[in-house]
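Worksheet: the structure to be examined is printed underneath.
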Amino acid sequence: VKSKRETMEKIAALIRRSASAAVLCHMHPDGDALGSMLGLALALERLGKRVHRVSPDGVPPPYDFLPGSRAVRRRLPRDLPPLAIVVDCDGLARLGPLARRTGQVAHVVAIDHHATGKAFGALRWVDPSAAAVGALLSELVAALGVPFDREIATCLYTAILTDTGRFSYTNTTARALRIAARLVQAGADPGAIYQQVYETKSLAQAALLGAALSRLSTADEGRIVLSALTRADFAATGANDSDTEGIIDQIRAVRQAEVAVLLVERGGEVRCSMRSRGRADVARVAEALGGGGHPQAAGCTVAGPLARARKQAIRLIAAELGPRA
Ligand code: AMP
Ligand code: MN
Ligand code: MN
């Protein structure tokens, strides 16, 4: 605990003496990636810093309501700032095409909560017990002496809301809820944020969810519940790749599902999202397939075709689940 506190203080000191910084998040960003990136960026601006908000895949809806999202760029500036703070990434590779140049920044700081991955950055604050990077940043913002305002609180609350699965996963701890409460006190509006994140689906997105749910299959005596989306599904519904977010949680809602899997065809590759009810550690499965994540929520991208990816995932998950009790 003491060394985590010291790391945070070191990061705060580095921020104080840097006139400018880039804040970066991972490819295919989720609410924690974007909320954390944007919340930290605002806090640095309150300290008078020049900040570059960088997301390799931009800001997909529904997150474009977040304060500061219009200032987000997909690339680093031509003149690299002296400081790059990388949030919610369990490896530099999660920055995709931006990984190489980010590695050239003088001071690279990693703030993360994954138990998987490949260490990077001279200064690393990685706390797998944190529900979201947004929860860690709430502590950092306080340490920086920046008062929480409605905008910062909205970003960080969104980070915690989404990474806890709307306060439903086992990472929904008293600590996470206490931080969330502080953010609500500072002006984050739970009802309004919930509607923005979860109730602004396009018709295409709803149709894509329908396609996924209309084609559920099971494996390992029903303990694994799967669905797959092909390019034809995207064409038929008019949905795009970021419209898959949230579908996996609907698959996990099936009672007997120990593990839910959503396979998404993407070019010659297949993106695999996994959610566990608790018995299986899906981060280990994802890691074995070149990805990563958390024990109950993990993902990876594997070579196609779909049928091969499906078989591979089932074999590893069944092994991870072990024999039936
Ligand atoms: P997703 O299924 O995309 O919502 O991802 C679930 C969790 O797994 C998140 O915590 C992600 O950060 C993590 N994750 C997903 N894909 C990867 C990957 N290719 N490498 C490392 N972590 C991943
Ligand atoms: Mn993330
Ligand atoms: Mn996260």
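Letters A, B, ... go to the chains of the structure tokens in the order shown; residues in each chain start at 1; ligands are counted from 1 in the same order.
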task = Tell me, as a list in words, which residues lie within 8 Å of A:Leu289, counting only C-alpha atoms; anything in the same chain fewer than 6 positions away does not count.
result = Cys300, Thr301 and Val302 of chain A
request  = Could you give me, as number ranges by chain, every polymer residue with an atom at most 6 Å away from an atom of ligand 3, counting only C-alpha atoms and all ligand atoms?
outcome  = A: 32, 88, 132-133, 163
Contact check, chain A to ligand 1, at most 10 Å, counting only C-alpha atoms and all ligand atoms, closest pairs as a Markdown table:
| residue | atom | partner | partner_atom_place_in_ligand_line | distance |
| --- | --- | --- | --- | --- |
| A:His26 | CA | ligand 1 | 12 (O) | 7.9 |
| A:Met27 | CA | ligand 1 | 19 (N) | 8.9 |
| A:His28 | CA | ligand 1 | 3 (O) | 7.4 |
| A:Pro29 | CA | ligand 1 | 3 (O) | 8.3 |
| A:Asp30 | CA | ligand 1 | 4 (O) | 7.0 |
| A:Gly31 | CA | ligand 1 | 4 (O) | 9.6 |
| A:Asp32 | CA | ligand 1 | 10 (O) | 8.8 |
| A:Ala33 | CA | ligand 1 | 12 (O) | 8.3 |
| A:Asp88 | CA | ligand 1 | 12 (O) | 6.7 |
| A:Cys89 | CA | ligand 1 | 12 (O) | 6.8 |
| A:Asp90 | CA | ligand 1 | 21 (C) | 6.1 |
| A:Gly91 | CA | ligand 1 | 21 (C) | 7.5 |
| A:Ala93 | CA | ligand 1 | 20 (N) | 8.2 |
| A:Arg94 | CA | ligand 1 | 20 (N) | 6.4 |
| A:Asp112 | CA | ligand 1 | 12 (O) | 9.6 |
| A:His113 | CA | ligand 1 | 10 (O) | 8.6 |
| A:His114 | CA | ligand 1 | 10 (O) | 7.0 |
| A:Ala115 | CA | ligand 1 | 22 (N) | 9.7 |
| A:Thr116 | CA | ligand 1 | 21 (C) | 7.4 |
| A:Gly117 | CA | ligand 1 | 21 (C) | 6.7 |
| A:Lys118 | CA | ligand 1 | 21 (C) | 9.5 |
| A:Ala132 | CA | ligand 1 | 10 (O) | 9.0 |
| A:Thr162 | CA | ligand 1 | 4 (O) | 9.6 |
| A:Asp163 | CA | ligand 1 | 10 (O) | 7.4 |
| A:Gly165 | CA | ligand 1 | 4 (O) | 9.9 |
| A:Ser242 | CA | ligand 1 | 3 (O) | 9.8 |
| A:Thr244 | CA | ligand 1 | 3 (O) | 9.1 |
| A:Glu245 | CA | ligand 1 | 4 (O) | 6.8 |
| A:Gly246 | CA | ligand 1 | 4 (O) | 7.8 |
| A:Ile247 | CA | ligand 1 | 4 (O) | 9.6 |
| A:Ile248 | CA | ligand 1 | 2 (O) | 7.5 |
| A:Asp249 | CA | ligand 1 | 4 (O) | 9.3 |
| A:Val261 | CA | ligand 1 | 2 (O) | 8.8 |
| A:Leu262 | CA | ligand 1 | 2 (O) | 8.2 |
| A:Leu263 | CA | ligand 1 | 2 (O) | 9.8 |
| A:Arg271 | CA | ligand 1 | 16 (N) | 8.0 |
| A:Cys272 | CA | ligand 1 | 2 (O) | 6.9 |
| A:Ser273 | CA | ligand 1 | 2 (O) | 3.8 |
| A:Met274 | CA | ligand 1 | 2 (O) | 5.7 |
| A:Arg275 | CA | ligand 1 | 2 (O) | 7.4 |
| A:Val282 | CA | ligand 1 | 8 (O) | 8.9 |
| A:Ala283 | CA | ligand 1 | 8 (O) | 7.3 |
| A:Ala286 | CA | ligand 1 | 17 (C) | 7.5 |
| A:Glu287 | CA | ligand 1 | 21 (C) | 7.5 |
| A:Leu289 | CA | ligand 1 | 19 (N) | 8.8 |
| A:Gly290 | CA | ligand 1 | 19 (N) | 6.8 |
| A:Gly291 | CA | ligand 1 | 20 (N) | 3.5 |
| A:Gly292 | CA | ligand 1 | 21 (C) | 3.5 |
| A:Gly293 | CA | ligand 1 | 8 (O) | 3.5 |
| A:His294 | CA | ligand 1 | 10 (O) | 5.7 |
| A:Pro295 | CA | ligand 1 | 7 (C) | 9.0 |
| A:Gln296 | CA | ligand 1 | 7 (C) | 8.3 |
| A:Ala297 | CA | ligand 1 | 6 (C) | 4.6 |
| A:Ala298 | CA | ligand 1 | 8 (O) | 3.2 |
| A:Gly299 | CA | ligand 1 | 15 (C) | 3.5 |
| A:Cys300 | CA | ligand 1 | 19 (N) | 3.9 |
| A:Thr301 | CA | ligand 1 | 19 (N) | 5.6 |
| A:Val302 | CA | ligand 1 | 19 (N) | 8.9 |
key: Which of stretch 86-254 of chain A fall in strand (DSSP E or B), as an MDAnalysis selection string   = chainID A and resid 86:87 107:112 123:126 217:219 224:229
query = Using only C-alpha atoms, which residues sit within 10 Å of A:Ala192 once same-chain residues fewer than 5 positions away are excluded, as a PyMOL selection string?
reply = chain A and resi 154+197+199
inquiry  = So that I can see what lies close to A:Ala260, please list as a PyMOL selection string the residues with an atom at most 9 Å from it, counting only C-alpha atoms and leaving out residues fewer than 3 positions away in the same chain.
reply    = chain A and resi 223-227+248-254+257+273-277
Mind dumping the selected residues with C-alpha atoms as a compact mmCIF listing (two decimals), in the first residue's frame?
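The result, stored in result_29.txt:
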# COMPACT_ATOMS: atom_id res chain seq x y z
CA ARG A 223 -21.60 -24.06 -19.20
CA ILE A 224 -20.33 -21.98 -22.12
CA VAL A 225 -22.86 -19.85 -24.00
CA LEU A 226 -21.67 -18.35 -27.24
CA SER A 227 -22.72 -16.20 -30.12
CA ILE A 248 -21.70 -9.89 -24.22
CA ASP A 249 -23.43 -8.90 -20.96
CA GLN A 250 -26.78 -9.98 -22.43
CA ILE A 251 -25.28 -13.38 -23.28
CA ARG A 252 -23.95 -13.79 -19.74
CA ALA A 253 -27.48 -13.24 -18.47
CA VAL A 254 -28.37 -16.82 -19.46
CA ALA A 257 -23.70 -19.65 -18.48
CA SER A 273 -14.92 -11.19 -25.80
CA MET A 274 -15.39 -13.31 -22.70
CA ARG A 275 -17.27 -12.83 -19.42
CA SER A 276 -17.17 -15.23 -16.50
CA ARG A 277 -19.62 -15.64 -13.68
Mind the document's chain letters and residue numbers, and return as an mmCIF file with C-alpha atoms, in the first residue's frame the residues of stretch 1-146 of chain A that DSSP labels alpha helix (DSSP H).
data_model
loop_
_atom_site.group_PDB
_atom_site.id
_atom_site.type_symbol
_atom_site.label_atom_id
_atom_site.label_comp_id
_atom_site.auth_asym_id
_atom_site.auth_seq_id
_atom_site.Cartn_x
_atom_site.Cartn_y
_atom_site.Cartn_z
ATOM 1 C CA LYS A 2 2.800 2.373 0.934
ATOM 2 C CA SER A 3 4.654 1.802 -2.332
ATOM 3 C CA LYS A 4 1.458 2.357 -4.360
ATOM 4 C CA ARG A 5 1.001 5.665 -2.550
ATOM 5 C CA GLU A 6 4.647 6.536 -3.307
ATOM 6 C CA THR A 7 4.184 5.704 -6.983
ATOM 7 C CA MET A 8 1.132 7.925 -7.134
ATOM 8 C CA GLU A 9 3.058 10.775 -5.470
ATOM 9 C CA LYS A 10 5.881 10.330 -7.989
ATOM 10 C CA ILE A 11 3.396 10.544 -10.852
ATOM 11 C CA ALA A 12 1.855 13.672 -9.287
ATOM 12 C CA ALA A 13 5.313 15.252 -8.991
ATOM 13 C CA LEU A 14 6.131 14.426 -12.612
ATOM 14 C CA ILE A 15 2.849 15.995 -13.730
ATOM 15 C CA ARG A 16 3.492 19.155 -11.684
ATOM 16 C CA GLY A 31 -15.955 3.682 -20.896
ATOM 17 C CA ASP A 32 -13.001 3.280 -18.547
ATOM 18 C CA ALA A 33 -10.461 4.019 -21.287
ATOM 19 C CA LEU A 34 -12.254 7.175 -22.461
ATOM 20 C CA GLY A 35 -13.595 8.359 -19.101
ATOM 21 C CA SER A 36 -10.157 7.980 -17.527
ATOM 22 C CA MET A 37 -8.336 9.635 -20.416
ATOM 23 C CA LEU A 38 -10.748 12.580 -20.518
ATOM 24 C CA GLY A 39 -11.050 12.976 -16.735
ATOM 25 C CA LEU A 40 -7.281 13.054 -16.284
ATOM 26 C CA ALA A 41 -6.900 15.460 -19.218
ATOM 27 C CA LEU A 42 -9.339 17.895 -17.596
ATOM 28 C CA ALA A 43 -7.520 17.682 -14.269
ATOM 29 C CA LEU A 44 -4.201 18.488 -15.956
ATOM 30 C CA GLU A 45 -5.794 21.434 -17.745
ATOM 31 C CA ARG A 46 -7.080 22.745 -14.422
ATOM 32 C CA ALA A 99 2.764 2.269 -29.573
ATOM 33 C CA ARG A 100 6.068 3.001 -31.270
ATOM 34 C CA ARG A 101 6.009 6.808 -31.031
ATOM 35 C CA THR A 102 4.607 6.732 -27.510
ATOM 36 C CA VAL A 133 -8.570 3.156 -13.806
ATOM 37 C CA GLY A 134 -11.118 5.888 -13.142
ATOM 38 C CA ALA A 135 -11.091 4.880 -9.467
ATOM 39 C CA LEU A 136 -7.291 5.200 -9.317
ATOM 40 C CA LEU A 137 -7.458 8.575 -11.026
ATOM 41 C CA SER A 138 -9.937 9.842 -8.458
ATOM 42 C CA GLU A 139 -7.129 9.424 -5.926
ATOM 43 C CA LEU A 140 -4.561 11.023 -8.232
ATOM 44 C CA VAL A 141 -6.772 14.031 -8.954
ATOM 45 C CA ALA A 142 -7.214 14.548 -5.217
ATOM 46 C CA ALA A 143 -3.447 14.209 -4.665
#
request  = Compare A:Pro128, A:Gly304, A:Pro147, A:Gly48 by their minimum atom-to-atom distance to A:Val264, counting only C-alpha atoms, and give me the closest one.
outcome  = A:Gly304
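The smallest atom-to-atom distance between A:Asp57 and any of A:Arg266, A:Arg231, A:Arg70, A:Arg75, using only C-alpha atoms, is found for A:Arg75.
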request  = Quick one: pull the distance between atom CA of A:Val109 and atom CA of A:Ile179, Å, one decimal.
outcome  = 22.8 Å
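Non-sequential neighbours of stretch 71-73 of chain A (distance at most 12 Å, separation of 3 or more positions within a chain, only C-alpha atoms) are Ala22, Val23, Leu24, Cys25, Leu34, Gly35, Met37, Leu38, Ala41, Leu42, Val51, His52, Arg53, Val54, Ser55, Pro56, Asp57, Gly58, Val59, Pro60, Tyr63, Asp64, Leu66, Pro67, Gly68, Leu76, Pro77 and Leu98 of chain A.
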Once you have the residues from the selection above, write them out as an mmCIF file, in the first residue's frame, restricted to N, CA and C atoms.
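As a result, result.cif now contains:
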data_model
loop_
_atom_site.group_PDB
_atom_site.id
_atom_site.type_symbol
_atom_site.label_atom_id
_atom_site.label_comp_id
_atom_site.auth_asym_id
_atom_site.auth_seq_id
_atom_site.Cartn_x
_atom_site.Cartn_y
_atom_site.Cartn_z
ATOM 1 N N ALA A 22 0.687 14.202 -23.013
ATOM 2 C CA ALA A 22 -0.311 13.480 -23.791
ATOM 3 C C ALA A 22 -0.933 12.442 -22.866
ATOM 4 N N VAL A 23 -2.260 12.284 -22.972
ATOM 5 C CA VAL A 23 -2.943 11.234 -22.229
ATOM 6 C C VAL A 23 -3.535 10.292 -23.274
ATOM 7 N N LEU A 24 -3.201 9.007 -23.170
ATOM 8 C CA LEU A 24 -3.599 8.050 -24.208
ATOM 9 C C LEU A 24 -4.393 6.881 -23.642
ATOM 10 N N CYS A 25 -5.303 6.340 -24.470
ATOM 11 C CA CYS A 25 -6.049 5.152 -24.060
ATOM 12 C C CYS A 25 -5.984 4.082 -25.154
ATOM 13 N N LEU A 34 -11.937 5.793 -22.065
ATOM 14 C CA LEU A 34 -12.254 7.175 -22.461
ATOM 15 C C LEU A 34 -12.531 8.064 -21.253
ATOM 16 N N GLY A 35 -13.293 7.560 -20.294
ATOM 17 C CA GLY A 35 -13.595 8.359 -19.101
ATOM 18 C C GLY A 35 -12.325 8.707 -18.343
ATOM 19 N N MET A 37 -9.165 8.749 -19.595
ATOM 20 C CA MET A 37 -8.336 9.635 -20.416
ATOM 21 C C MET A 37 -8.857 11.067 -20.340
ATOM 22 N N LEU A 38 -10.164 11.234 -20.488
ATOM 23 C CA LEU A 38 -10.748 12.580 -20.518
ATOM 24 C C LEU A 38 -10.781 13.228 -19.132
ATOM 25 N N ALA A 41 -7.241 14.310 -18.370
ATOM 26 C CA ALA A 41 -6.900 15.460 -19.218
ATOM 27 C C ALA A 41 -7.474 16.753 -18.631
ATOM 28 N N LEU A 42 -8.725 16.704 -18.193
ATOM 29 C CA LEU A 42 -9.339 17.895 -17.596
ATOM 30 C C LEU A 42 -8.594 18.333 -16.335
ATOM 31 N N VAL A 51 -2.619 19.893 -22.815
ATOM 32 C CA VAL A 51 -2.891 18.450 -22.827
ATOM 33 C C VAL A 51 -3.334 17.971 -24.216
ATOM 34 N N HIS A 52 -2.777 16.852 -24.650
ATOM 35 C CA HIS A 52 -3.207 16.197 -25.882
ATOM 36 C C HIS A 52 -3.982 14.947 -25.495
ATOM 37 N N ARG A 53 -5.248 14.904 -25.935
ATOM 38 C CA ARG A 53 -6.075 13.720 -25.668
ATOM 39 C C ARG A 53 -5.949 12.809 -26.891
ATOM 40 N N VAL A 54 -5.448 11.592 -26.682
ATOM 41 C CA VAL A 54 -5.178 10.725 -27.829
ATOM 42 C C VAL A 54 -5.826 9.357 -27.663
ATOM 43 N N SER A 55 -6.657 8.991 -28.636
ATOM 44 C CA SER A 55 -7.311 7.681 -28.658
ATOM 45 C C SER A 55 -7.160 7.122 -30.069
ATOM 46 N N PRO A 56 -6.434 6.000 -30.226
ATOM 47 C CA PRO A 56 -6.165 5.498 -31.575
ATOM 48 C C PRO A 56 -7.421 5.274 -32.414
ATOM 49 N N ASP A 57 -8.545 4.973 -31.767
ATOM 50 C CA ASP A 57 -9.790 4.760 -32.504
ATOM 51 C C ASP A 57 -10.812 5.862 -32.249
ATOM 52 N N GLY A 58 -10.346 7.014 -31.792
ATOM 53 C CA GLY A 58 -11.254 8.133 -31.590
ATOM 54 C C GLY A 58 -12.248 7.904 -30.461
ATOM 55 N N VAL A 59 -13.398 8.543 -30.560
ATOM 56 C CA VAL A 59 -14.437 8.430 -29.518
ATOM 57 C C VAL A 59 -15.721 7.928 -30.153
ATOM 58 N N PRO A 60 -15.983 6.616 -30.068
ATOM 59 C CA PRO A 60 -17.235 6.107 -30.641
ATOM 60 C C PRO A 60 -18.412 6.508 -29.762
ATOM 61 N N TYR A 63 -19.921 7.376 -26.177
ATOM 62 C CA TYR A 63 -19.074 8.131 -25.256
ATOM 63 C C TYR A 63 -18.802 9.549 -25.701
ATOM 64 N N ASP A 64 -19.353 9.954 -26.848
ATOM 65 C CA ASP A 64 -19.066 11.306 -27.325
ATOM 66 C C ASP A 64 -19.787 12.385 -26.519
ATOM 67 N N LEU A 66 -19.086 12.688 -23.384
ATOM 68 C CA LEU A 66 -18.137 12.988 -22.301
ATOM 69 C C LEU A 66 -17.441 14.330 -22.531
ATOM 70 N N PRO A 67 -17.303 15.135 -21.477
ATOM 71 C CA PRO A 67 -16.661 16.441 -21.610
ATOM 72 C C PRO A 67 -15.241 16.313 -22.180
ATOM 73 N N GLY A 68 -14.955 17.089 -23.204
ATOM 74 C CA GLY A 68 -13.613 17.077 -23.795
ATOM 75 C C GLY A 68 -13.467 16.104 -24.946
ATOM 76 N N LEU A 76 -0.605 11.245 -32.049
ATOM 77 C CA LEU A 76 0.184 12.119 -31.190
ATOM 78 C C LEU A 76 0.554 13.371 -31.989
ATOM 79 N N PRO A 77 0.797 14.500 -31.297
ATOM 80 C CA PRO A 77 1.206 15.697 -32.031
ATOM 81 C C PRO A 77 2.587 15.498 -32.660
ATOM 82 N N LEU A 98 -0.007 3.552 -32.380
ATOM 83 C CA LEU A 98 0.641 4.645 -31.642
ATOM 84 C C LEU A 98 1.713 4.151 -30.673
#
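What separates atom CA of A:Ala228 from atom CA of A:Leu209 is a distance of 10.7 Å.
Comparing the minimum interatomic distances between A:Ser217 and each of A:Ile314, A:Val126, A:Val146, A:Val184, counting only C-alpha atoms, we find that A:Ile314 sits nearest.
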Need the shell around stretch 233-239 of chain A: protein/DNA/RNA residues with any atom at most 9 Å away, counting only C-alpha atoms. Skip same-chain ones fewer than 4 positions apart. Format as a PDB file with N, CA and C atoms, in the first residue's frame?
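Listed below is the output, out23.pdb:
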ATOM      1  N   SER A 202     -28.637   2.911 -31.394  1.00  0.00           N
ATOM      2  CA  SER A 202     -29.261   3.136 -32.693  1.00  0.00           C
ATOM      3  C   SER A 202     -30.123   1.910 -33.000  1.00  0.00           C
ATOM      4  N   LEU A 203     -31.031   2.041 -33.968  1.00  0.00           N
ATOM      5  CA  LEU A 203     -31.837   0.888 -34.362  1.00  0.00           C
ATOM      6  C   LEU A 203     -30.930  -0.226 -34.884  1.00  0.00           C
ATOM      7  N   ALA A 204     -29.856   0.160 -35.588  1.00  0.00           N
ATOM      8  CA  ALA A 204     -28.915  -0.833 -36.117  1.00  0.00           C
ATOM      9  C   ALA A 204     -28.273  -1.630 -34.983  1.00  0.00           C
ATOM     10  N   GLN A 205     -27.945  -0.917 -33.899  1.00  0.00           N
ATOM     11  CA  GLN A 205     -27.322  -1.576 -32.753  1.00  0.00           C
ATOM     12  C   GLN A 205     -28.293  -2.561 -32.092  1.00  0.00           C
ATOM     13  N   ALA A 206     -29.534  -2.149 -31.957  1.00  0.00           N
ATOM     14  CA  ALA A 206     -30.540  -3.033 -31.375  1.00  0.00           C
ATOM     15  C   ALA A 206     -30.731  -4.259 -32.264  1.00  0.00           C
ATOM     16  N   ALA A 207     -30.707  -4.044 -33.587  1.00  0.00           N
ATOM     17  CA  ALA A 207     -30.854  -5.162 -34.518  1.00  0.00           C
ATOM     18  C   ALA A 207     -29.653  -6.110 -34.426  1.00  0.00           C
ATOM     19  N   LEU A 208     -28.465  -5.556 -34.218  1.00  0.00           N
ATOM     20  CA  LEU A 208     -27.266  -6.389 -34.082  1.00  0.00           C
ATOM     21  C   LEU A 208     -27.358  -7.256 -32.818  1.00  0.00           C
ATOM     22  N   ALA A 211     -29.600 -10.043 -33.588  1.00  0.00           N
ATOM     23  CA  ALA A 211     -28.941 -11.085 -34.380  1.00  0.00           C
ATOM     24  C   ALA A 211     -28.095 -11.978 -33.479  1.00  0.00           C
ATOM     25  N   ALA A 212     -27.363 -11.366 -32.563  1.00  0.00           N
ATOM     26  CA  ALA A 212     -26.500 -12.140 -31.660  1.00  0.00           C
ATOM     27  C   ALA A 212     -27.334 -13.051 -30.762  1.00  0.00           C
ATOM     28  N   LEU A 229     -20.905 -12.957 -34.535  1.00  0.00           N
ATOM     29  CA  LEU A 229     -21.404 -11.993 -35.516  1.00  0.00           C
ATOM     30  C   LEU A 229     -20.481 -11.999 -36.716  1.00  0.00           C
ATOM     31  N   ASP A 243     -20.549  -1.136 -32.318  1.00  0.00           N
ATOM     32  CA  ASP A 243     -21.918  -1.436 -31.886  1.00  0.00           C
ATOM     33  C   ASP A 243     -22.045  -2.775 -31.157  1.00  0.00           C
ATOM     34  N   THR A 244     -20.945  -3.521 -31.050  1.00  0.00           N
ATOM     35  CA  THR A 244     -21.003  -4.810 -30.347  1.00  0.00           C
ATOM     36  C   THR A 244     -20.937  -4.638 -28.834  1.00  0.00           C
TER      37      THR A 244
END
